[in-house]
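The data block below is coords-v1.cif; it holds mmCIF, C-alpha atoms.
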data_model
#
loop_
_atom_site.label_atom_id
_atom_site.label_comp_id
_atom_site.auth_asym_id
_atom_site.auth_seq_id
_atom_site.Cartn_x
_atom_site.Cartn_y
_atom_site.Cartn_z
CA MET A 1458 0.00 0.00 0.00
CA ILE A 1459 1.18 3.45 -0.79
CA ALA A 1460 2.08 5.38 2.33
CA LEU A 1461 0.11 8.46 1.43
CA PRO A 1462 -0.15 11.19 4.02
CA ALA A 1463 -2.65 10.03 6.60
CA PHE A 1464 -5.00 12.79 7.56
CA SER A 1465 -8.12 10.77 8.21
CA GLN A 1466 -9.97 11.91 11.28
CA VAL A 1467 -11.71 8.61 11.91
CA ASN A 1468 -10.45 5.23 12.99
CA PRO A 1469 -13.21 2.83 12.01
CA LEU A 1470 -13.36 -0.91 12.44
CA PRO A 1471 -12.83 -3.19 9.48
CA PRO A 1472 -16.19 -4.52 8.29
CA ASP A 1473 -15.76 -8.06 9.61
CA ARG A 1474 -15.20 -6.65 13.12
CA ALA A 1475 -17.95 -4.08 12.86
CA PHE A 1476 -20.38 -6.80 11.81
CA ARG A 1477 -19.35 -10.17 13.27
CA PHE A 1478 -21.23 -13.11 11.79
CA THR A 1479 -21.59 -16.50 13.47
CA ALA A 1480 -23.93 -19.43 13.04
CA ARG A 1481 -24.71 -22.55 15.02
CA ALA A 1482 -27.06 -25.49 14.77
CA LEU A 1483 -29.76 -25.50 17.43
CA ASN A 1484 -30.94 -28.85 16.09
CA PRO A 1485 -30.60 -30.66 12.74
CA GLN A 1486 -33.38 -28.53 11.27
CA THR A 1487 -32.54 -25.12 12.74
CA ILE A 1488 -29.53 -22.86 12.28
CA GLU A 1489 -29.18 -19.78 14.41
CA ALA A 1490 -27.52 -17.03 12.36
CA ARG A 1491 -26.26 -14.09 14.36
CA PHE A 1492 -24.72 -10.70 13.62
CA ALA A 1493 -22.99 -8.96 16.52
CA ILE A 1494 -23.00 -5.32 15.50
CA ALA A 1495 -20.46 -3.02 17.16
CA ASP A 1496 -21.62 0.13 18.93
CA GLY A 1497 -22.01 2.98 16.50
CA TYR A 1498 -22.56 0.70 13.52
CA TYR A 1499 -25.71 -0.53 11.82
CA LEU A 1500 -26.85 -2.93 9.10
CA TYR A 1501 -29.54 -2.37 6.50
CA ARG A 1502 -32.39 -4.86 6.73
CA ASP A 1503 -33.04 -5.00 3.00
CA LYS A 1504 -29.39 -5.75 2.21
CA ILE A 1505 -29.20 -8.97 4.22
CA ARG A 1506 -29.30 -12.32 2.41
CA PHE A 1507 -28.63 -15.85 3.61
CA THR A 1508 -27.71 -18.84 1.48
CA ALA A 1509 -26.48 -22.33 2.32
CA GLN A 1510 -24.15 -24.83 0.72
CA PRO A 1511 -24.90 -27.44 -0.32
CA VAL A 1512 -28.16 -26.16 -1.70
CA THR A 1513 -29.63 -29.62 -1.22
CA ALA A 1514 -29.81 -28.82 2.51
CA GLY A 1515 -32.94 -26.88 1.62
CA LEU A 1516 -32.40 -23.59 3.44
CA SER A 1517 -35.50 -21.60 4.27
CA VAL A 1518 -35.14 -18.01 5.49
CA PRO A 1519 -37.98 -16.50 7.53
CA PRO A 1520 -38.95 -12.84 7.25
CA LEU A 1521 -36.30 -10.82 9.04
CA PRO A 1522 -37.33 -9.10 12.27
CA GLN A 1523 -38.47 -5.55 12.05
CA GLY A 1524 -35.66 -3.04 12.20
CA LYS A 1525 -35.46 0.52 13.38
CA PRO A 1526 -37.04 2.85 10.79
CA LYS A 1527 -34.75 5.35 9.18
CA GLU A 1528 -35.68 7.98 6.64
CA ASP A 1529 -33.36 8.13 3.69
CA PRO A 1530 -33.70 11.19 1.46
CA PHE A 1531 -33.04 9.05 -1.61
CA PHE A 1532 -34.32 5.57 -0.77
CA GLY A 1533 -37.24 6.56 1.43
CA ARG A 1534 -38.05 4.54 4.53
CA VAL A 1535 -35.45 1.90 5.30
CA GLU A 1536 -34.93 -0.28 8.37
CA THR A 1537 -31.69 -0.83 10.24
CA TYR A 1538 -30.35 -3.16 12.93
CA ARG A 1539 -28.07 -2.19 15.79
CA GLY A 1540 -26.54 -4.30 18.54
CA SER A 1541 -27.42 -7.74 17.28
CA LEU A 1542 -29.53 -9.58 14.79
CA VAL A 1543 -30.53 -13.19 15.32
CA VAL A 1544 -32.36 -15.18 12.67
CA ASN A 1545 -33.35 -18.82 12.94
CA LEU A 1546 -32.91 -20.44 9.55
CA THR A 1547 -34.58 -23.72 8.66
CA LEU A 1548 -32.90 -26.65 6.95
CA LYS A 1549 -35.32 -29.08 5.35
CA ASP A 1550 -32.91 -31.75 4.19
CA ALA A 1551 -29.66 -31.55 6.13
CA ALA A 1552 -28.19 -34.88 7.18
CA ILE A 1553 -26.60 -35.68 10.50
CA GLY A 1554 -22.83 -35.47 10.10
CA GLN A 1555 -23.07 -33.00 7.24
CA ASN A 1556 -21.23 -29.66 7.27
CA ILE A 1557 -23.42 -26.80 6.13
CA VAL A 1558 -21.85 -23.53 5.02
CA ILE A 1559 -24.06 -20.58 5.87
CA GLN A 1560 -23.27 -17.54 3.79
CA ALA A 1561 -24.51 -14.12 4.89
CA GLU A 1562 -24.46 -11.05 2.67
CA SER A 1563 -24.86 -7.72 4.39
CA GLN A 1564 -24.22 -4.02 4.01
CA GLY A 1565 -23.89 -1.48 6.75
CA CYS A 1566 -22.58 1.87 7.87
CA ALA A 1567 -21.11 3.64 10.88
CA ASP A 1568 -22.47 6.68 12.67
CA ILE A 1569 -19.20 8.49 12.03
CA GLY A 1570 -20.38 8.84 8.46
CA ILE A 1571 -18.92 5.98 6.48
CA CYS A 1572 -20.49 3.02 4.72
CA TYR A 1573 -18.98 -0.34 3.89
CA PRO A 1574 -19.57 -2.07 0.57
CA PRO A 1575 -21.69 -5.22 0.60
CA GLN A 1576 -19.74 -8.04 2.15
CA VAL A 1577 -20.19 -11.80 2.26
CA GLN A 1578 -19.27 -13.72 5.39
CA GLN A 1579 -19.65 -17.41 6.00
CA ALA A 1580 -19.64 -19.95 8.80
CA THR A 1581 -19.43 -23.71 8.61
CA VAL A 1582 -21.98 -25.47 10.80
CA PRO A 1583 -21.63 -29.19 11.56
CA ILE A 1584 -24.99 -30.89 11.83
CA ARG A 1585 -25.11 -33.28 14.77
CA ALA A 1586 -27.93 -34.99 16.59
CA ALA A 1587 -27.50 -32.68 19.55
CA ASN A 1588 -25.42 -29.64 18.71
CA ALA A 1589 -25.32 -26.20 20.20
CA ALA A 1590 -21.69 -25.28 19.69
CA PRO A 1591 -21.22 -22.03 17.80
CA ALA A 1592 -19.45 -22.25 14.50
CA ARG A 1593 -16.44 -20.04 14.06
CA PRO A 1594 -16.51 -17.66 11.13
CA ASP A 1595 -14.54 -19.18 8.30
CA GLU A 1596 -11.00 -18.01 7.83
CA SER A 1597 -11.79 -17.95 4.15
CA ARG A 1598 -14.34 -15.18 4.59
CA LYS A 1599 -15.29 -13.93 1.19
CA SER A 1600 -16.10 -10.48 0.12
CA TRP A 1601 -16.72 -9.16 -3.33
CA PHE A 1602 -13.60 -7.03 -3.17
CA ASP A 1603 -11.29 -9.85 -2.08
CA MET B 52 -27.27 -2.23 -19.24
CA LYS B 53 -25.99 -2.88 -22.72
CA LYS B 54 -23.45 -5.65 -23.20
CA GLY B 55 -20.92 -3.22 -24.61
CA ARG B 56 -21.04 -1.07 -21.53
CA TRP B 57 -20.67 -4.12 -19.33
CA ALA B 58 -17.60 -5.06 -21.31
CA VAL B 59 -16.17 -1.57 -20.86
CA LEU B 60 -16.89 -1.64 -17.16
CA LEU B 61 -15.42 -5.09 -16.76
CA GLY B 62 -12.33 -3.96 -18.60
CA ALA B 63 -12.10 -0.86 -16.45
CA THR B 64 -12.44 -2.93 -13.33
CA VAL B 65 -9.66 -5.22 -14.41
CA ILE B 66 -7.49 -2.22 -15.23
CA ALA B 67 -8.28 -0.64 -11.90
CA LEU B 68 -7.44 -3.83 -10.03
CA ALA B 69 -4.24 -4.24 -11.96
CA ALA B 70 -3.34 -0.64 -11.26
CA GLY B 71 -4.11 -1.22 -7.62
CA LEU B 72 -1.81 -4.20 -7.46
CA TYR B 73 0.83 -2.19 -9.27
CA LEU B 74 0.47 0.65 -6.81
CA GLY B 75 0.65 -1.78 -3.92
CA MET B 76 3.84 -3.31 -5.19
CA ARG B 77 5.42 0.12 -5.56
CA SER B 78 4.62 1.09 -2.02
CA GLN B 79 8.14 0.83 -0.70
CA SER B 80 9.75 3.10 -3.20
CA ASP B 81 7.16 5.74 -3.95
CA ASN B 82 7.36 9.24 -2.66
CA ALA B 83 4.68 9.38 0.05
CA SER B 84 2.98 12.41 -1.45
CA ASP B 85 3.38 11.61 -5.13
CA ALA B 86 0.06 11.20 -6.94
CA SER B 87 1.60 10.38 -10.31
CA THR B 88 0.36 6.82 -10.23
CA LEU B 89 -3.17 8.01 -9.46
CA LEU B 90 -2.93 10.52 -12.28
CA ALA B 91 -1.80 7.74 -14.63
CA LEU B 92 -5.09 5.90 -14.25
CA SER B 93 -7.90 5.88 -16.78
CA LEU B 94 -11.50 4.97 -16.02
CA PRO B 95 -14.66 5.16 -18.12
CA ASP B 96 -17.18 7.91 -17.60
CA THR B 97 -20.89 7.10 -17.36
CA ALA B 98 -21.10 7.05 -21.16
CA GLY B 99 -18.36 4.43 -21.31
CA LYS B 100 -15.66 6.75 -22.68
CA SER B 101 -12.24 6.27 -21.12
CA GLN B 102 -11.08 9.30 -19.16
CA PRO B 103 -7.44 9.59 -18.06
CA LEU B 104 -7.09 11.34 -14.72
CA GLY B 105 -3.93 12.92 -16.07
CA GLN B 106 -6.07 15.31 -18.12
CA TRP B 107 -6.57 17.29 -14.90
CA ARG B 108 -2.89 17.53 -14.04
CA GLY B 109 -2.01 21.10 -13.12
CA LYS B 110 -5.35 21.69 -11.44
CA VAL B 111 -6.22 21.27 -7.79
CA LEU B 112 -7.80 17.84 -8.11
CA VAL B 113 -10.26 16.38 -5.63
CA VAL B 114 -10.93 12.68 -6.29
CA ASN B 115 -13.96 11.44 -4.40
CA PHE B 116 -14.78 7.72 -4.17
CA TRP B 117 -18.53 7.31 -3.63
CA ALA B 118 -21.45 4.96 -4.22
CA THR B 119 -25.19 5.24 -4.56
CA TRP B 120 -25.64 2.94 -1.55
CA CYS B 121 -23.55 5.27 0.63
CA VAL B 122 -25.74 7.90 2.24
CA PRO B 123 -22.85 9.94 3.72
CA CYS B 124 -21.34 10.08 0.24
CA ARG B 125 -24.47 11.60 -1.21
CA GLU B 126 -24.87 14.00 1.69
CA GLU B 127 -21.47 15.61 1.14
CA MET B 128 -21.89 16.03 -2.60
CA PRO B 129 -23.89 19.28 -2.59
CA GLN B 130 -20.93 21.10 -1.07
CA PHE B 131 -18.69 19.62 -3.78
CA ILE B 132 -21.11 20.94 -6.40
CA LYS B 133 -21.03 24.36 -4.79
CA ALA B 134 -17.24 24.37 -4.51
CA GLN B 135 -16.85 23.23 -8.13
CA GLN B 136 -19.09 26.04 -9.26
CA GLU B 137 -17.38 28.64 -7.11
CA PHE B 138 -13.74 27.65 -7.48
CA GLY B 139 -13.72 25.80 -10.80
CA PRO B 140 -12.63 28.93 -12.69
CA GLN B 141 -9.65 29.18 -10.32
CA GLY B 142 -8.50 25.68 -11.17
CA LEU B 143 -10.39 23.43 -8.78
CA GLN B 144 -11.55 20.16 -10.32
CA PHE B 145 -13.64 17.53 -8.58
CA VAL B 146 -13.81 14.02 -10.03
CA GLY B 147 -16.10 11.37 -8.62
CA ILE B 148 -15.20 7.69 -8.88
CA ALA B 149 -18.33 5.62 -8.45
CA VAL B 150 -18.02 2.27 -6.70
CA ASP B 151 -21.10 1.25 -8.58
CA ASP B 152 -22.34 0.38 -12.04
CA ALA B 153 -22.69 2.98 -14.76
CA ASP B 154 -26.48 3.07 -14.84
CA LYS B 155 -26.87 3.79 -11.13
CA ALA B 156 -24.02 6.28 -11.11
CA GLU B 157 -25.45 8.14 -14.08
CA ARG B 158 -28.94 8.28 -12.60
CA PHE B 159 -27.69 9.58 -9.26
CA ALA B 160 -25.37 12.08 -10.90
CA LYS B 161 -28.35 13.53 -12.73
CA GLU B 162 -30.58 13.51 -9.66
CA LEU B 163 -27.92 15.25 -7.61
CA GLY B 164 -27.04 17.64 -10.40
CA LEU B 165 -23.33 16.87 -10.30
CA ASN B 166 -21.37 19.49 -12.21
CA TYR B 167 -18.14 17.52 -12.33
CA PRO B 168 -17.11 14.29 -14.08
CA VAL B 169 -18.17 10.93 -12.70
CA LEU B 170 -15.97 7.99 -13.58
CA VAL B 171 -17.16 4.45 -13.11
CA GLY B 172 -14.88 2.10 -11.25
CA GLY B 173 -17.38 -0.61 -10.43
CA PHE B 174 -16.73 -2.70 -7.36
CA GLY B 175 -13.05 -2.88 -8.32
CA ALA B 176 -12.69 0.79 -7.45
CA ILE B 177 -12.92 0.03 -3.76
CA GLU B 178 -9.80 -2.09 -4.09
CA LEU B 179 -8.17 0.76 -5.96
CA SER B 180 -9.03 3.10 -3.10
CA ARG B 181 -7.44 0.66 -0.67
CA THR B 182 -4.12 0.98 -2.45
CA LEU B 183 -4.47 4.75 -2.14
CA GLY B 184 -4.80 4.66 1.63
CA ASN B 185 -8.38 3.57 2.28
CA ARG B 186 -7.38 0.83 4.70
CA VAL B 187 -10.84 -0.24 5.86
CA VAL B 188 -12.30 0.07 2.36
CA ALA B 189 -15.23 2.22 3.38
CA LEU B 190 -16.77 5.26 1.73
CA PRO B 191 -16.67 8.18 1.19
CA PHE B 192 -12.94 8.43 0.57
CA THR B 193 -11.47 11.60 -0.84
CA ILE B 194 -8.01 12.48 -2.11
CA PHE B 195 -6.80 16.06 -2.60
CA VAL B 196 -4.02 16.55 -5.16
CA ASP B 197 -2.22 19.86 -5.55
CA ARG B 198 -1.28 21.55 -8.82
CA HIS B 199 2.13 19.85 -8.74
CA GLY B 200 0.70 16.36 -8.61
CA ASN B 201 1.24 15.76 -4.92
CA VAL B 202 -1.32 14.30 -2.57
CA SER B 203 -1.89 16.91 0.09
CA HIS B 204 -4.73 15.30 2.02
CA THR B 205 -6.72 12.07 2.14
CA GLN B 206 -9.92 11.67 4.04
CA LEU B 207 -12.01 8.67 5.00
CA GLY B 208 -15.48 9.85 5.88
CA PRO B 209 -17.30 13.03 4.96
CA VAL B 210 -15.34 16.19 4.35
CA ARG B 211 -16.78 18.93 6.54
CA PRO B 212 -17.54 22.22 4.79
CA ASP B 213 -14.98 24.09 6.91
CA GLN B 214 -12.37 21.43 6.09
CA LEU B 215 -13.12 21.66 2.40
CA SER B 216 -12.84 25.41 2.47
CA SER B 217 -9.59 25.29 4.42
CA ILE B 218 -7.92 22.66 2.26
CA VAL B 219 -9.01 24.10 -1.06
CA SER B 220 -8.10 27.68 -0.18
CA LYS B 221 -4.55 26.58 0.68
CA LEU B 222 -4.16 24.67 -2.58
CA LEU B 223 -5.61 27.23 -4.99
#
Is it possible to give me this structure as structure tokens?
Amino acid sequence: MIALPAFSQVNPLPPDRAFRFTARALNPQTIEARFAIADGYYLYRDKIRFTAQPVTAGLSVPPLPQGKPKEDPFFGRVETYRGSLVVNLTLKDAAIGQNIVIQAESQGCADIGICYPPQVQQATVPIRAANAAPARPDESRKSWFD
Amino acid sequence: MKKGRWAVLLGATVIALAAGLYLGMRSQSDNASDASTLLALSLPDTAGKSQPLGQWRGKVLVVNFWATWCVPCREEMPQFIKAQQEFGPQGLQFVGIAVDDADKAERFAKELGLNYPVLVGGFGAIELSRTLGNRVVALPFTIFVDRHGNVSHTQLGPVRPDQLSSIVSKLL
């Protein structure tokens, strides 16, 4: 990276620390997907997407919980999440012993006046008969600018 | 979007990424304030025509990375429009680099009434901005280049009106 003069007045978190994504299996049919959102940061409700690999696991995403309304002069009424977001995803056809990769796309901003581009994070969730251990975010976190 | 424009944008993105990698590799030897590598870049405008940033060499150049999905980016643009109008005749030149596709960038540029060029970097432009000092790859990100081709100021986050006035008045 070029060592240009650094005059920036803000010291923001990188996006994967501002918006930490984890997932765990509550049971073989239910995955708890969670965003831990740092103070001063928020996610846009309508920018969040979940997918699963393999697709044969049959992921079903419920309507996301209502967010905090925010008036955008260009986009109108939008909803945002702060603090945390927990969504219980349903797997119709996951097999015991299978590893399911939950991929979460999100886009958010910080109150200091910056926005992050859409990012994709993922977590691998082992499906066991009785499993409540959280899955660590994958080291191979993907983002469209990687 | 037409296929031709996609092809142009894809090409521009590849160029931008390649330039970014090139800039990154040169990081050890470059003069810290030299913007020559930035000024050597070319990106398409919203009509798909390639625009070399070097065409504005000799002016006080303000390169602003923005996106339609970035509210703070849009909020700071009216002051850029005003400054371009007021100080353009004295040699101030704003250039927006949209981290977006051409259609969205063009529509927003019209809605906002931008009076300065908008170049389209696509998503690859965010990587380009990283090589120019945008370490957390967030927007808006703005680079001020003086008439001699030196970077005098970079800013992650909105430029306050008093900051803009202060920086520009020193450079003009």
Requested in this report: Tell me which protein, DNA and RNA residues are within 10 Å of Pro1530 (chain A), counting only C-alpha atoms, leaving out same-chain ones fewer than 5 positions away, and put them as a count of residues only.
Outcome: 3
Report task. Select all residues from chain B having any atom no more than 7 Å from an atom of chain A (counting all atoms listed in the file, ignoring ligands), output as a PyMOL selection string. Result -> chain B and resi 74-75+78+83-84+121+123+174-175+178+182-184+187-191+204-209
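If only C-alpha atoms are the atoms counted, then among B:Phe116, B:Phe145, B:Phe131, B:Trp107 the closest residue to Ser216 (chain B) is B:Phe131.
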Query raised in the report: Exactly which residues make up the result of the PyMOL selection byres ((chain A and resi 1482) around 12) on this file, given as a VMD selection string?
Result: chain A and resid 1479 to 1481 1483 to 1491 1544 to 1548 1551 1553 to 1559 1580 to 1593
Requested in this report: Report as JSON, numbers by chain the full result of the PyMOL selection byres ((chain B and resi 96) around 6) when it is applied to this structure.
Outcome: {"B": [95, 97, 98, 99, 100, 169, 170, 171]}
Expected file: the selected residues, C-alpha atoms, as an mmCIF file, in the frame of the given file:
data_model
loop_
_atom_site.group_PDB
_atom_site.id
_atom_site.type_symbol
_atom_site.label_atom_id
_atom_site.label_comp_id
_atom_site.auth_asym_id
_atom_site.auth_seq_id
_atom_site.Cartn_x
_atom_site.Cartn_y
_atom_site.Cartn_z
ATOM 1 C CA PRO B 95 -14.660 5.160 -18.120
ATOM 2 C CA THR B 97 -20.890 7.100 -17.360
ATOM 3 C CA ALA B 98 -21.100 7.050 -21.160
ATOM 4 C CA GLY B 99 -18.360 4.430 -21.310
ATOM 5 C CA LYS B 100 -15.660 6.750 -22.680
ATOM 6 C CA VAL B 169 -18.170 10.930 -12.700
ATOM 7 C CA LEU B 170 -15.970 7.990 -13.580
ATOM 8 C CA VAL B 171 -17.160 4.450 -13.110
#
Query raised in the report: Where does the PyMOL selection byres ((chain A and resi 1576) around 6) land in this file, that is, which residues does it pick, as number ranges by chain?
Result: A: 1562-1563, 1575, 1577, 1600
Is there a way to complete region 1485-1496 of chain A with N, CA and C atoms and then write that out as a PDB file, keeping the file's coordinate frame?
ATOM      1  N   PRO A1485     -30.909 -30.358  14.158  1.00  0.00           N
ATOM      2  CA  PRO A1485     -30.600 -30.660  12.740  1.00  0.00           C
ATOM      3  C   PRO A1485     -31.447 -29.882  11.742  1.00  0.00           C
ATOM      4  N   GLN A1486     -32.516 -29.280  12.204  1.00  0.00           N
ATOM      5  CA  GLN A1486     -33.380 -28.530  11.270  1.00  0.00           C
ATOM      6  C   GLN A1486     -33.269 -27.009  11.440  1.00  0.00           C
ATOM      7  N   THR A1487     -32.538 -26.568  12.454  1.00  0.00           N
ATOM      8  CA  THR A1487     -32.540 -25.120  12.740  1.00  0.00           C
ATOM      9  C   THR A1487     -31.121 -24.582  12.916  1.00  0.00           C
ATOM     10  N   ILE A1488     -30.818 -23.551  12.161  1.00  0.00           N
ATOM     11  CA  ILE A1488     -29.530 -22.860  12.280  1.00  0.00           C
ATOM     12  C   ILE A1488     -29.800 -21.457  12.828  1.00  0.00           C
ATOM     13  N   GLU A1489     -29.084 -21.143  13.889  1.00  0.00           N
ATOM     14  CA  GLU A1489     -29.180 -19.780  14.410  1.00  0.00           C
ATOM     15  C   GLU A1489     -28.073 -18.940  13.785  1.00  0.00           C
ATOM     16  N   ALA A1490     -28.480 -17.957  12.987  1.00  0.00           N
ATOM     17  CA  ALA A1490     -27.520 -17.030  12.360  1.00  0.00           C
ATOM     18  C   ALA A1490     -27.521 -15.743  13.170  1.00  0.00           C
ATOM     19  N   ARG A1491     -26.339 -15.246  13.456  1.00  0.00           N
ATOM     20  CA  ARG A1491     -26.260 -14.090  14.360  1.00  0.00           C
ATOM     21  C   ARG A1491     -25.243 -13.060  13.839  1.00  0.00           C
ATOM     22  N   PHE A1492     -25.644 -11.810  13.833  1.00  0.00           N
ATOM     23  CA  PHE A1492     -24.720 -10.700  13.620  1.00  0.00           C
ATOM     24  C   PHE A1492     -24.535  -9.981  14.937  1.00  0.00           C
ATOM     25  N   ALA A1493     -23.295  -9.816  15.366  1.00  0.00           N
ATOM     26  CA  ALA A1493     -22.990  -8.960  16.520  1.00  0.00           C
ATOM     27  C   ALA A1493     -22.485  -7.634  15.931  1.00  0.00           C
ATOM     28  N   ILE A1494     -23.273  -6.611  16.138  1.00  0.00           N
ATOM     29  CA  ILE A1494     -23.000  -5.320  15.500  1.00  0.00           C
ATOM     30  C   ILE A1494     -22.364  -4.384  16.533  1.00  0.00           C
ATOM     31  N   ALA A1495     -21.190  -3.885  16.215  1.00  0.00           N
ATOM     32  CA  ALA A1495     -20.460  -3.020  17.160  1.00  0.00           C
ATOM     33  C   ALA A1495     -21.221  -1.720  17.414  1.00  0.00           C
ATOM     34  N   ASP A1496     -20.984  -1.156  18.585  1.00  0.00           N
ATOM     35  CA  ASP A1496     -21.620   0.130  18.930  1.00  0.00           C
ATOM     36  C   ASP A1496     -21.252   1.191  17.891  1.00  0.00           C
TER      37      ASP A1496
END
